[in-house]
$ cat start.txt   # compact mmCIF, C-alpha atoms
# COMPACT_ATOMS: atom_id res chain seq x y z
CA MET A 1 -8.41 7.19 11.40
CA GLU A 2 -7.56 8.24 14.94
CA THR A 3 -6.10 11.61 15.75
CA GLU A 4 -3.09 10.00 17.55
CA MET A 5 -1.64 9.31 14.12
CA HIS A 6 -0.78 12.99 13.96
CA HIS A 7 0.36 13.57 17.55
CA PRO A 8 2.85 16.41 16.99
CA LEU A 9 5.69 15.00 19.11
CA VAL A 10 5.46 11.49 17.67
CA GLU A 11 5.12 12.87 14.15
CA LYS A 12 8.23 15.02 14.64
CA GLY A 13 10.19 12.08 16.04
CA ILE A 14 9.26 9.68 13.26
CA ALA A 15 9.90 12.35 10.61
CA ALA A 16 13.38 12.92 12.10
CA LEU A 17 14.09 9.19 11.99
CA PHE A 18 13.07 8.94 8.35
CA LYS A 19 15.21 11.96 7.49
CA GLU A 20 18.26 10.66 9.37
CA LEU A 21 18.02 6.94 8.66
CA GLY A 22 15.94 6.63 5.49
CA PRO A 23 12.92 4.32 5.12
CA VAL A 24 14.65 0.95 5.48
CA GLU A 25 16.73 1.70 8.57
CA THR A 26 13.75 3.43 10.18
CA ILE A 27 11.73 0.26 9.68
CA GLU A 28 14.60 -1.81 11.08
CA PHE A 29 14.75 0.52 14.08
CA PHE A 30 11.08 -0.15 14.83
CA GLN A 31 11.55 -3.87 14.16
CA ARG A 32 14.20 -3.86 16.90
CA LEU A 33 11.70 -2.22 19.24
CA GLY A 34 9.49 -5.26 18.63
CA ILE A 35 6.40 -3.72 17.09
CA ASN A 36 6.13 -6.58 14.55
CA ARG A 37 2.74 -8.14 15.12
CA GLY A 38 -0.08 -9.78 13.20
CA ASP A 39 -0.76 -10.21 9.50
CA SER A 40 -1.77 -6.95 7.83
CA VAL A 41 -3.28 -8.68 4.77
CA LYS A 42 -5.76 -10.57 6.95
CA GLU A 43 -6.30 -7.68 9.36
CA ILE A 44 -7.27 -5.08 6.75
CA GLU A 45 -9.17 -7.52 4.53
CA SER A 46 -11.27 -8.78 7.46
CA ILE A 47 -12.60 -5.22 7.83
CA THR A 48 -12.92 -4.02 4.22
CA GLU A 49 -14.51 -7.20 2.82
CA LYS A 50 -17.54 -6.58 5.04
CA MET A 51 -17.89 -2.95 3.97
CA SER A 52 -20.14 -1.61 1.22
CA LYS A 53 -18.96 0.75 -1.49
CA GLU A 54 -20.76 3.62 0.25
CA GLU A 55 -19.14 2.88 3.63
CA ILE A 56 -15.65 2.82 2.10
CA LEU A 57 -16.16 6.03 0.10
CA GLN A 58 -17.61 7.75 3.15
CA GLY A 59 -14.60 6.63 5.20
CA ILE A 60 -12.22 8.01 2.56
CA ARG A 61 -14.03 11.36 2.57
CA LYS A 62 -13.79 11.52 6.38
CA SER A 63 -10.08 10.68 6.42
CA ARG A 64 -9.27 13.10 3.57
CA LYS A 65 -8.60 16.05 5.87
CA GLN A 66 -6.06 14.10 7.95
CA ILE A 67 -4.31 12.61 4.94
CA HIS A 68 -3.76 16.01 3.36
CA SER A 69 -2.76 17.83 6.57
CA MET B 1 1.55 1.64 -6.83
CA LEU B 2 1.89 -0.33 -3.62
CA ASP B 3 -0.99 -1.98 -1.77
CA THR B 4 -1.31 -1.15 1.94
CA ASN B 5 -0.02 -4.60 2.89
CA VAL B 6 3.34 -3.92 1.15
CA PHE B 7 3.95 -0.91 3.40
CA SER B 8 2.89 -2.84 6.49
CA ARG B 9 4.56 -6.19 5.66
CA PRO B 10 7.92 -5.36 7.32
CA LEU B 11 6.06 -4.67 10.58
CA ASP B 12 4.02 -7.89 10.52
CA ASP B 13 4.90 -11.03 12.48
CA LEU B 14 7.85 -12.34 10.44
CA SER B 15 7.97 -15.89 11.79
CA ASP B 16 6.50 -17.23 8.52
CA LYS B 17 9.18 -17.60 5.82
CA SER B 18 7.03 -16.28 2.95
CA VAL B 19 5.95 -13.24 4.99
CA LYS B 20 9.59 -12.55 5.87
CA LEU B 21 10.56 -12.75 2.19
CA GLU B 22 7.78 -10.31 1.25
CA ALA B 23 8.94 -7.98 4.05
CA GLU B 24 12.55 -8.02 2.79
CA SER B 25 11.39 -7.40 -0.79
CA SER B 26 9.18 -4.52 0.37
CA LYS B 27 12.20 -2.91 2.02
CA ARG B 28 14.16 -3.23 -1.23
CA ILE B 29 11.31 -1.47 -3.03
CA PHE B 30 11.46 1.43 -0.53
CA ASN B 31 15.17 1.71 -1.29
CA PHE B 32 14.38 1.90 -5.02
CA ALA B 33 12.17 4.89 -4.25
CA ARG B 34 14.91 6.53 -2.22
CA ASP B 35 17.46 5.96 -4.99
CA LYS B 36 14.88 7.14 -7.55
CA THR B 37 15.19 3.84 -9.40
CA ALA B 38 11.40 3.53 -9.13
CA SER B 39 8.56 5.90 -8.29
CA ILE B 40 6.03 4.93 -5.67
CA VAL B 41 2.49 6.25 -6.05
CA THR B 42 0.08 6.17 -3.11
CA SER B 43 -3.69 6.69 -3.02
CA GLU B 44 -6.50 7.77 -0.77
CA ILE B 45 -7.69 4.18 -0.38
CA LEU B 46 -4.19 3.27 0.85
CA PHE B 47 -4.26 5.91 3.58
CA TYR B 48 -7.82 5.01 4.53
CA GLU B 49 -6.74 1.37 5.00
CA ILE B 50 -3.68 2.40 7.03
CA GLY B 51 -6.14 4.10 9.38
CA LEU B 52 -7.86 0.72 9.90
CA ILE B 53 -4.73 -0.90 11.41
CA LYS B 54 -5.49 -1.57 15.07
CA GLU B 55 -1.98 -1.24 16.55
CA LYS B 56 -1.38 2.48 17.06
CA ASP B 57 2.45 2.37 16.86
CA LYS B 58 2.42 0.24 13.74
CA ARG B 59 -0.24 2.43 12.10
CA GLU B 60 1.72 5.59 12.79
CA VAL B 61 5.02 4.27 11.41
CA ILE B 62 3.32 2.93 8.25
CA PHE B 63 1.56 6.25 7.67
CA HIS B 64 4.88 8.13 7.80
CA LEU B 65 6.64 5.48 5.74
CA ALA B 66 4.08 5.90 2.95
CA LYS B 67 4.39 9.69 3.14
CA ASN B 68 8.21 9.40 3.11
CA VAL B 69 8.52 7.29 -0.04
CA GLU B 70 5.55 8.49 -2.14
CA ARG B 71 6.18 10.50 -5.29
CA SER B 72 2.51 11.42 -5.59
CA MET B 73 -0.89 10.49 -4.21
CA ILE B 74 -3.94 9.61 -6.28
CA MET B 75 -7.27 11.10 -5.22
CA ILE B 76 -10.43 9.07 -5.75
CA ASN B 77 -12.41 10.68 -8.59
CA PRO B 78 -15.54 9.70 -10.58
CA ASP B 79 -13.49 7.88 -13.25
CA ILE B 80 -11.75 5.76 -10.60
CA GLU B 81 -15.11 5.03 -8.95
CA LYS B 82 -16.59 3.99 -12.29
CA LEU B 83 -13.72 1.59 -13.06
CA ALA B 84 -13.89 0.22 -9.50
CA ASP B 85 -17.61 -0.44 -10.05
CA ASP B 86 -16.78 -2.38 -13.22
CA LEU B 87 -14.06 -4.36 -11.41
CA LYS B 88 -16.59 -5.48 -8.79
CA ALA B 89 -17.65 -8.21 -11.24
CA HIS B 90 -14.22 -9.80 -10.66
CA ILE B 91 -13.35 -8.85 -7.05
CA LYS B 92 -15.69 -8.88 -4.07
CA ASP B 93 -13.80 -6.40 -1.85
CA TYR B 94 -14.55 -2.84 -3.08
CA ALA B 95 -11.39 -1.49 -1.40
CA ASP B 96 -9.35 -3.78 -3.68
CA CYS B 97 -11.35 -2.52 -6.68
CA LEU B 98 -10.36 1.04 -5.70
CA HIS B 99 -6.69 0.07 -5.36
CA ILE B 100 -6.67 -1.42 -8.86
CA ALA B 101 -8.67 1.41 -10.42
CA SER B 102 -6.43 4.04 -8.80
CA ALA B 103 -3.30 2.33 -10.14
CA ALA B 104 -4.81 1.67 -13.57
CA LEU B 105 -5.98 5.25 -14.18
CA SER B 106 -2.85 6.94 -12.88
CA GLY B 107 -0.49 5.37 -15.39
CA CYS B 108 1.19 2.97 -12.97
CA SER B 109 2.93 -0.04 -14.56
CA TYR B 110 2.53 -2.24 -11.49
CA LEU B 111 0.22 -2.75 -8.55
CA VAL B 112 2.32 -4.55 -5.95
CA THR B 113 0.42 -6.57 -3.36
CA CYS B 114 0.75 -9.43 -0.87
CA ASP B 115 -2.97 -10.23 -1.24
CA LYS B 116 -3.15 -13.83 -2.50
CA GLU B 117 -6.66 -13.39 -3.94
CA LEU B 118 -5.59 -10.44 -6.07
CA LEU B 119 -2.46 -12.26 -7.20
CA ARG B 120 -4.52 -15.35 -8.11
CA LYS B 121 -6.84 -13.18 -10.22
CA ALA B 122 -4.04 -11.04 -11.68
CA GLY B 123 -4.32 -12.57 -15.17
CA LYS B 124 -8.07 -12.17 -15.35
CA ILE B 125 -7.95 -8.57 -14.07
CA GLY B 126 -5.06 -7.74 -16.42
CA SER B 127 -7.06 -9.06 -19.41
CA PHE B 128 -10.13 -7.09 -18.36
CA LEU B 129 -8.07 -3.89 -18.09
CA LEU B 130 -6.35 -4.58 -21.40
CA SER B 131 -9.81 -4.76 -23.02
CA LEU B 132 -10.16 -1.13 -21.87
CA ASN B 133 -6.71 -0.34 -23.32
CA ILE B 134 -5.11 -0.15 -19.85
CA LYS B 135 -1.92 -2.06 -19.11
CA LEU B 136 -1.35 -2.91 -15.44
CA HIS B 137 0.56 -5.82 -13.93
CA ILE B 138 -0.47 -7.09 -10.49
CA ILE B 139 2.56 -8.69 -8.83
CA ASN B 140 3.94 -9.81 -5.48
CA PRO B 141 6.70 -7.59 -3.94
CA VAL B 142 9.07 -10.56 -4.19
CA ASN B 143 8.97 -10.25 -8.00
CA LEU B 144 9.52 -6.50 -8.36
CA PRO B 145 13.25 -6.18 -7.50
CA SER B 146 14.27 -8.53 -10.32
CA ILE B 147 12.00 -6.69 -12.80
CA ILE B 148 13.55 -3.35 -11.84
CA GLY B 149 17.01 -4.91 -11.99
CA GLU B 150 16.37 -6.14 -15.55
CA GLN B 151 15.02 -2.74 -16.59
CA ASN B 152 18.20 -1.14 -15.30
CA GLY B 153 20.44 -3.71 -16.95
CA ASN B 154 21.60 -5.36 -13.71

$ encode --input "start.txt" --output "structure tokens"
Amino acid sequence: METEMHHPLVEKGIAALFKELGPVETIEFFQRLGINRGDSVKEIESITEKMSKEEILQGIRKSRKQIHS
Amino acid sequence: MLDTNVFSRPLDDLSDKSVKLEAESSKRIFNFARDKTASIVTSEILFYEIGLIKEKDKREVIFHLAKNVERSMIMINPDIEKLADDLKAHIKDYADCLHIASAALSGCSYLVTCDKELLRKAGKIGSFLLSLNIKLHIINPVNLPSIIGEQNGN
């Protein structure tokens, strides 16, 4: 998980959108900006299906700090 | 509990009709959470998978979406790992095993997913879990709004 996910300014902006618009209108806002790309089922599966149990658990442990921040 | 692909579906390429339908249904599910008609549970495997999404903008919005609608988040613990190990006999992708085990051991009624392989094996997995006295339905997001509607008498 990259640190950009928690860039303070972007985080504040997205949080404000969710607060003001709610989840559905926030999604529709980003849809209008044209960030719809790819197929997430295929994208994520193509990575995780090649990973071992140990690699996935290690990845979860590494990302734990960011998830809980 | 929602699979990662349910959170990300509305931000996928929606030119395919079935993907568009799943995206619309996913949005309805987020509204259920907002209206408190349903409770959405997230998990550590969900957030780990969100981190694997290549597009930075998409990844960031999905992360905040999940945080915005979640009621609680399930941490991976030894019991979840053990059940995921047992599920490996039925599913090759260990991340999927963790999704199912997290939902099954946190009292969720449904694991909602767009993953066709999981949906194809839903009956077999459900029977296996039932043999352990765990009741979990694996369904497509398209099917959840009508189930919630029926439960609420609509």

$ interface_residues --input "start.txt" --of "chain A" --to "chain B" --cutoff "6 Å" --atoms "all atoms listed in the file" --output "PDB file with C-alpha atoms, keeping the file's coordinate frame"
ATOM      1  CA  MET A   1      -8.410   7.190  11.400  1.00  0.00           C
ATOM      2  CA  MET A   5      -1.640   9.310  14.120  1.00  0.00           C
ATOM      3  CA  VAL A  24      14.650   0.950   5.480  1.00  0.00           C
ATOM      4  CA  ASN A  36       6.130  -6.580  14.550  1.00  0.00           C
ATOM      5  CA  ARG A  37       2.740  -8.140  15.120  1.00  0.00           C
ATOM      6  CA  GLY A  38      -0.080  -9.780  13.200  1.00  0.00           C
ATOM      7  CA  ASP A  39      -0.760 -10.210   9.500  1.00  0.00           C
ATOM      8  CA  SER A  40      -1.770  -6.950   7.830  1.00  0.00           C
ATOM      9  CA  VAL A  41      -3.280  -8.680   4.770  1.00  0.00           C
ATOM     10  CA  GLU A  49     -14.510  -7.200   2.820  1.00  0.00           C
ATOM     11  CA  LYS A  53     -18.960   0.750  -1.490  1.00  0.00           C
ATOM     12  CA  ILE A  60     -12.220   8.010   2.560  1.00  0.00           C
TER      13      ILE A  60
END

$ residues_around --input "start.txt" --residues "Ser102 (chain B)" --least-positions-apart "2" --cutoff "7 Å" --atoms "only C-alpha atoms" --output "list in words"
Ser43, Ile74, Ile80, Leu98, His99, Ile100, Ala104, Leu105 and Ser106 of chain B

$ closest_residue --input "start.txt" --among "A:Gly34, A:Glu45, A:Ile56, A:Phe18" --to "Leu118 (chain B)" --atoms "all atoms listed in the file"
A:Glu45

$ residues_around --input "start.txt" --residues "Phe128 (chain B)" --least-positions-apart "3" --cutoff "12 Å" --atoms "all atoms listed in the file" --output "VMD selection string"
chain B and resid 83 86 to 91 100 to 101 104 121 to 125 131 to 137

$ atom_distance --input "start.txt" --atom1 "CA of Lys12 (chain A)" --atom2 "CA of Gln31 (chain A)"
19.2 Å

$ atom_distance --input "start.txt" --atom1 "CA of Ile138 (chain B)" --atom2 "CA of Thr37 (chain B)"
19.1 Å

$ residues_around --input "start.txt" --residues "Leu2 (chain B)" --least-positions-apart "6" --cutoff "8 Å" --atoms "only C-alpha atoms" --output "PDB file with C-alpha atoms, in the coordinates of the input"
ATOM      1  CA  ILE B  40       6.030   4.930  -5.670  1.00  0.00           C
ATOM      2  CA  VAL B  41       2.490   6.250  -6.050  1.00  0.00           C
ATOM      3  CA  THR B  42       0.080   6.170  -3.110  1.00  0.00           C
ATOM      4  CA  LEU B 111       0.220  -2.750  -8.550  1.00  0.00           C
ATOM      5  CA  VAL B 112       2.320  -4.550  -5.950  1.00  0.00           C
ATOM      6  CA  THR B 113       0.420  -6.570  -3.360  1.00  0.00           C
TER       7      THR B 113
END

$ decode --input "start.txt" --residues "region 3-26 of chain A" --atoms "N, CA and C atoms" --output "tab-separated table (two decimals), in the first residue's frame"
chain	number	residue	atom	x	y	z
A	3	THR	N	2.07	5.21	0.27
A	3	THR	CA	1.78	6.25	1.26
A	3	THR	C	0.85	7.33	0.68
A	4	GLU	N	0.78	7.47	-0.68
A	4	GLU	CA	-0.08	8.51	-1.27
A	4	GLU	C	-1.53	8.34	-0.85
A	5	MET	N	-1.90	7.10	-0.49
A	5	MET	CA	-3.29	6.85	-0.11
A	5	MET	C	-3.68	7.77	1.05
A	6	HIS	N	-2.71	8.12	1.86
A	6	HIS	CA	-3.01	8.96	3.02
A	6	HIS	C	-2.43	10.37	2.89
A	7	HIS	N	-2.28	10.87	1.65
A	7	HIS	CA	-1.80	12.24	1.51
A	7	HIS	C	-2.80	13.15	2.23
A	8	PRO	N	-2.35	13.95	3.18
A	8	PRO	CA	-3.27	14.70	4.05
A	8	PRO	C	-4.29	15.56	3.30
A	9	LEU	N	-3.85	16.25	2.25
A	9	LEU	CA	-4.76	17.15	1.54
A	9	LEU	C	-5.84	16.36	0.79
A	10	VAL	N	-5.41	15.30	0.12
A	10	VAL	CA	-6.35	14.47	-0.64
A	10	VAL	C	-7.32	13.79	0.32
A	11	GLU	N	-6.78	13.30	1.42
A	11	GLU	CA	-7.60	12.62	2.43
A	11	GLU	C	-8.68	13.57	2.97
A	12	LYS	N	-8.27	14.81	3.25
A	12	LYS	CA	-9.20	15.81	3.78
A	12	LYS	C	-10.29	16.13	2.75
A	13	GLY	N	-9.87	16.24	1.49
A	13	GLY	CA	-10.82	16.56	0.42
A	13	GLY	C	-11.84	15.46	0.21
A	14	ILE	N	-11.35	14.23	0.17
A	14	ILE	CA	-12.26	13.10	-0.06
A	14	ILE	C	-13.19	12.93	1.15
A	15	ALA	N	-12.64	13.10	2.35
A	15	ALA	CA	-13.46	12.99	3.57
A	15	ALA	C	-14.57	14.04	3.56
A	16	ALA	N	-14.24	15.26	3.09
A	16	ALA	CA	-15.24	16.33	3.02
A	16	ALA	C	-16.34	15.99	2.01
A	17	LEU	N	-15.93	15.39	0.90
A	17	LEU	CA	-16.92	14.99	-0.11
A	17	LEU	C	-17.87	13.93	0.46
A	18	PHE	N	-17.31	12.94	1.11
A	18	PHE	CA	-18.16	11.89	1.69
A	18	PHE	C	-19.12	12.48	2.72
A	19	LYS	N	-18.62	13.42	3.51
A	19	LYS	CA	-19.46	14.02	4.55
A	19	LYS	C	-20.59	14.85	3.93
A	20	GLU	N	-20.25	15.60	2.89
A	20	GLU	CA	-21.22	16.50	2.26
A	20	GLU	C	-22.20	15.77	1.34
A	21	LEU	N	-21.66	14.83	0.56
A	21	LEU	CA	-22.47	14.19	-0.49
A	21	LEU	C	-22.97	12.79	-0.13
A	22	GLY	N	-22.30	12.13	0.81
A	22	GLY	CA	-22.63	10.73	1.09
A	22	GLY	C	-21.88	9.82	0.11
A	23	PRO	N	-21.90	8.49	0.35
A	23	PRO	CA	-21.09	7.59	-0.47
A	23	PRO	C	-21.48	7.53	-1.95
A	24	VAL	N	-22.78	7.52	-2.21
A	24	VAL	CA	-23.21	7.33	-3.61
A	24	VAL	C	-22.91	8.56	-4.47
A	25	GLU	N	-23.24	9.74	-3.97
A	25	GLU	CA	-22.98	10.95	-4.77
A	25	GLU	C	-21.48	11.22	-4.88
A	26	THR	N	-20.71	10.81	-3.87
A	26	THR	CA	-19.25	10.97	-3.97
A	26	THR	C	-18.73	10.08	-5.10
